[in-house]
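*Asks:* Sending over a structure as structure tokens; questions will come in a sec.
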Amino acid sequence: MRKKKQQAPAGAPEWMTTYSDMVTLLLTFFILMFSFSSVDAQKFETMMRSFQGSLGILEGGKTLSELPLATNGADIDVESDGIYEHLSQEIEDYLNQNGLGESVNIINGNNGLILRFNENVLFDSGKADLKPQAMATLSYICSLLNASDFSGKKIRVEGHTDNVPIYNSKYPSNWELSVSRACNVVRFMIEQNGVMSERLSAAGYSEYHPVAANDTVDNKAKNRRVDILILKDGLQ
């Protein structure tokens, strides 16, 4: 008996299904790679900062002032740094004219402007009362911060100390001293210079956010400081 001839199955060959799946996967892969190549750099950086914070990862060797700041879900204003550079130059000129150029550091960072005052500019050792000559400097800075370009910017004042314990009846530890110094600067800015209260915040960090090792007299002097941060929009 003659065997019946087998008919080929209908439709495309089976190998075509595997080939189509592979092509689809490759297409998906290259689309994904293209999307990464055109990602908004600022938003990607913000996402990575949030991811690091959620894992409790902090970069070593930096103070809190120089770490990425919380945005509370708001987009960081990707504005021109021109107004901050102009402010930095105005303050630098004033400081140099008044012999304070070596005592105040101006740091123009991604988050805004940091004015880093050595302790002896604003306060006597172990005290939190503003020096009379310091008031003129702070008043000048406040006049710039009340100008239209900066009238809506948030400002954070931070007090810092070295690691030498303080012994007096008014300040039982460096915590109280650092907080009192920051608060007194904030009060002066509000009460004597009309800076809006809602723009300001104060924080004291004692000895725990140094900018140098507390191993020499000069390094300890660097750590005894007050930082005034003028923040970009969306940061606080």
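Ordering of the structure tokens sets the chain letters (A, B, ...), residue numbers begin anew at 1 in every chain, and ligands are numbered from 1 in the order given.
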Would you mind listing what lies within 9 Å of region 144-158 of chain A as a ChimeraX atom specification, with only C-alpha atoms counted and same-chain residues fewer than 6 positions away left out?

*Replies:* /A:65,83,87,90-91,178-179,181-183,185-186,193-196,198-205,225-236

*Asks:* Output as a PyMOL selection string all residues of region 156-196 of chain A that backbone DSSP marks as helix (DSSP H, G or I).

*Replies:* chain A and resi 174-191

*Asks:* Would you export the selected residues with C-alpha atoms as a short mmCIF file (atom, residue, chain, number, x, y, z; two decimals), in the first residue's frame, please?

*Replies:*
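Written out: again29.cif:
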```cif
data_model
loop_
_atom_site.label_atom_id
_atom_site.label_comp_id
_atom_site.auth_asym_id
_atom_site.auth_seq_id
_atom_site.Cartn_x
_atom_site.Cartn_y
_atom_site.Cartn_z
CA ASN A 174 28.51 72.86 72.54
CA TRP A 175 24.97 71.98 71.48
CA GLU A 176 23.47 74.93 73.32
CA LEU A 177 26.22 77.27 72.11
CA SER A 178 25.86 76.32 68.43
CA VAL A 179 22.06 76.57 68.54
CA SER A 180 22.11 79.92 70.37
CA ARG A 181 24.50 81.42 67.85
CA ALA A 182 22.36 80.35 64.90
CA CYS A 183 19.18 81.61 66.58
CA ASN A 184 20.72 84.98 67.44
CA VAL A 185 21.77 85.50 63.83
CA VAL A 186 18.26 84.63 62.66
CA ARG A 187 16.65 86.96 65.22
CA PHE A 188 18.92 89.80 64.15
CA MET A 189 18.03 89.26 60.49
CA ILE A 190 14.32 89.32 61.29
CA GLU A 191 14.08 91.98 64.00
#
```

*Asks:* Within 7 Å of Val121 (chain A), counting only C-alpha atoms, which residues show up once you throw out same-chain ones fewer than 2 positions away? Write them as a PDB file with C-alpha atoms, in the first residue's frame, please.

*Replies:*
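Output file out_16.pdb follows:
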```
ATOM      1  CA  SER A 103      37.581  85.529  57.700  1.00  0.00           C
ATOM      2  CA  PHE A 117      31.869  83.020  58.914  1.00  0.00           C
ATOM      3  CA  ASN A 118      34.772  82.247  61.205  1.00  0.00           C
ATOM      4  CA  GLU A 119      33.702  82.378  64.846  1.00  0.00           C
ATOM      5  CA  PHE A 123      31.104  86.201  68.300  1.00  0.00           C
ATOM      6  CA  ALA A 134      29.369  92.020  63.015  1.00  0.00           C
TER       7      ALA A 134
END
```

*Asks:* For Val164 (chain A), which of A:Thr17, A:Asn120, A:Gln89, A:Ser206 is the closest residue, counting only C-alpha atoms?

*Replies:*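 Ranked by minimum distance to Val164 (chain A), first place goes to A:Ser206.
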
*Asks:* Please give the complete set of residues from region 49-221 of chain A that DSSP, run on the backbone, assigns to strand (DSSP E), formatted as a ChimeraX atom specification.

*Replies:* /A:104-109,112-118,155-160,200-204

*Asks:* As a ChimeraX atom specification, please: the residues near Asn223 (chain A) (cut-off 8 Å, only C-alpha atoms, same-chain neighbours under 3 positions excluded).

*Replies:* /A:160-162,207,210-212,214,219-220

*Asks:* Grab the residues selected above and save them as a compact mmCIF listing (two decimals), in the first residue's frame with all heavy atoms.

*Replies:*
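Generated output (again.txt):
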```
# COMPACT_ATOMS: atom_id res chain seq x y z
N HIS A 160 28.15 75.96 64.32
CA HIS A 160 29.07 74.82 64.45
C HIS A 160 30.16 75.16 65.46
O HIS A 160 30.55 76.33 65.61
CB HIS A 160 29.74 74.49 63.11
CG HIS A 160 28.77 74.13 62.02
ND1 HIS A 160 28.38 72.84 61.77
CD2 HIS A 160 28.13 74.92 61.11
CE1 HIS A 160 27.53 72.83 60.74
NE2 HIS A 160 27.36 74.08 60.33
N THR A 161 30.69 74.14 66.13
CA THR A 161 31.78 74.34 67.09
C THR A 161 32.89 73.33 66.81
O THR A 161 32.75 72.44 65.97
CB THR A 161 31.30 74.14 68.54
OG1 THR A 161 31.00 72.75 68.75
CG2 THR A 161 30.06 74.97 68.85
N ASP A 162 33.99 73.46 67.55
CA ASP A 162 35.01 72.41 67.51
C ASP A 162 34.66 71.36 68.56
O ASP A 162 33.57 71.37 69.12
CB ASP A 162 36.42 73.00 67.71
CG ASP A 162 36.56 73.70 69.07
OD1 ASP A 162 35.76 73.41 69.99
OD2 ASP A 162 37.48 74.53 69.22
N GLU A 207 29.75 69.94 67.46
CA GLU A 207 31.04 69.60 66.86
C GLU A 207 30.93 68.55 65.75
O GLU A 207 31.94 68.12 65.19
CB GLU A 207 31.96 69.02 67.94
CG GLU A 207 31.45 67.70 68.49
CD GLU A 207 32.08 67.29 69.82
OE1 GLU A 207 31.81 67.97 70.83
OE2 GLU A 207 32.83 66.31 69.83
N PRO A 210 32.23 68.82 61.19
CA PRO A 210 33.45 69.61 60.99
C PRO A 210 33.81 69.73 59.51
O PRO A 210 33.44 68.88 58.69
CB PRO A 210 34.52 68.79 61.74
CG PRO A 210 34.02 67.39 61.65
CD PRO A 210 32.52 67.47 61.73
N VAL A 211 34.55 70.78 59.18
CA VAL A 211 35.09 70.94 57.82
C VAL A 211 36.57 70.59 57.80
O VAL A 211 37.19 70.56 56.74
CB VAL A 211 34.86 72.36 57.30
CG1 VAL A 211 33.39 72.62 57.08
CG2 VAL A 211 35.46 73.40 58.24
N ALA A 212 37.15 70.33 58.98
CA ALA A 212 38.55 69.94 59.10
C ALA A 212 38.70 69.06 60.33
O ALA A 212 37.86 69.08 61.24
CB ALA A 212 39.46 71.16 59.21
N ASN A 214 39.82 67.95 63.87
CA ASN A 214 40.08 68.73 65.09
C ASN A 214 41.42 68.35 65.72
O ASN A 214 41.50 67.99 66.89
CB ASN A 214 38.94 68.51 66.10
CG ASN A 214 37.69 69.29 65.75
OD1 ASN A 214 37.68 70.52 65.76
ND2 ASN A 214 36.63 68.57 65.41
N ASN A 219 42.88 74.10 62.57
CA ASN A 219 41.72 73.32 62.12
C ASN A 219 40.53 73.49 63.04
O ASN A 219 39.38 73.56 62.59
CB ASN A 219 42.10 71.84 62.00
CG ASN A 219 42.86 71.54 60.73
OD1 ASN A 219 42.93 72.37 59.82
ND2 ASN A 219 43.45 70.36 60.66
N LYS A 220 40.79 73.56 64.34
CA LYS A 220 39.69 73.79 65.28
C LYS A 220 39.04 75.15 65.04
O LYS A 220 37.81 75.29 65.14
CB LYS A 220 40.20 73.68 66.72
CG LYS A 220 40.52 72.25 67.14
CD LYS A 220 41.05 72.19 68.56
CE LYS A 220 41.36 70.75 68.95
NZ LYS A 220 41.88 70.62 70.32
```

*Asks:* Using only C-alpha atoms, which residues sit within 10 Å of Gly101 (chain A) once same-chain residues fewer than 6 positions away are excluded, as a PyMOL selection string?

*Replies:* chain A and resi 91-95

*Asks:* Restricting it to N, CA and C atoms, dump the selection as a PDB file, in the first residue's frame.

*Replies:*
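Generated output (selection.pdb):
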```pdb
ATOM      1  N   ILE A  91      29.227  90.582  47.791  1.00  0.00           N
ATOM      2  CA  ILE A  91      29.610  90.304  49.175  1.00  0.00           C
ATOM      3  C   ILE A  91      31.127  90.244  49.311  1.00  0.00           C
ATOM      4  N   GLU A  92      31.787  89.624  48.342  1.00  0.00           N
ATOM      5  CA  GLU A  92      33.253  89.535  48.388  1.00  0.00           C
ATOM      6  C   GLU A  92      33.892  90.920  48.362  1.00  0.00           C
ATOM      7  N   ASP A  93      33.375  91.804  47.509  1.00  0.00           N
ATOM      8  CA  ASP A  93      33.908  93.170  47.436  1.00  0.00           C
ATOM      9  C   ASP A  93      33.740  93.878  48.772  1.00  0.00           C
ATOM     10  N   TYR A  94      32.561  93.727  49.381  1.00  0.00           N
ATOM     11  CA  TYR A  94      32.307  94.372  50.676  1.00  0.00           C
ATOM     12  C   TYR A  94      33.264  93.845  51.744  1.00  0.00           C
ATOM     13  N   LEU A  95      33.431  92.527  51.780  1.00  0.00           N
ATOM     14  CA  LEU A  95      34.310  91.923  52.792  1.00  0.00           C
ATOM     15  C   LEU A  95      35.745  92.389  52.625  1.00  0.00           C
TER      16      LEU A  95
END
```
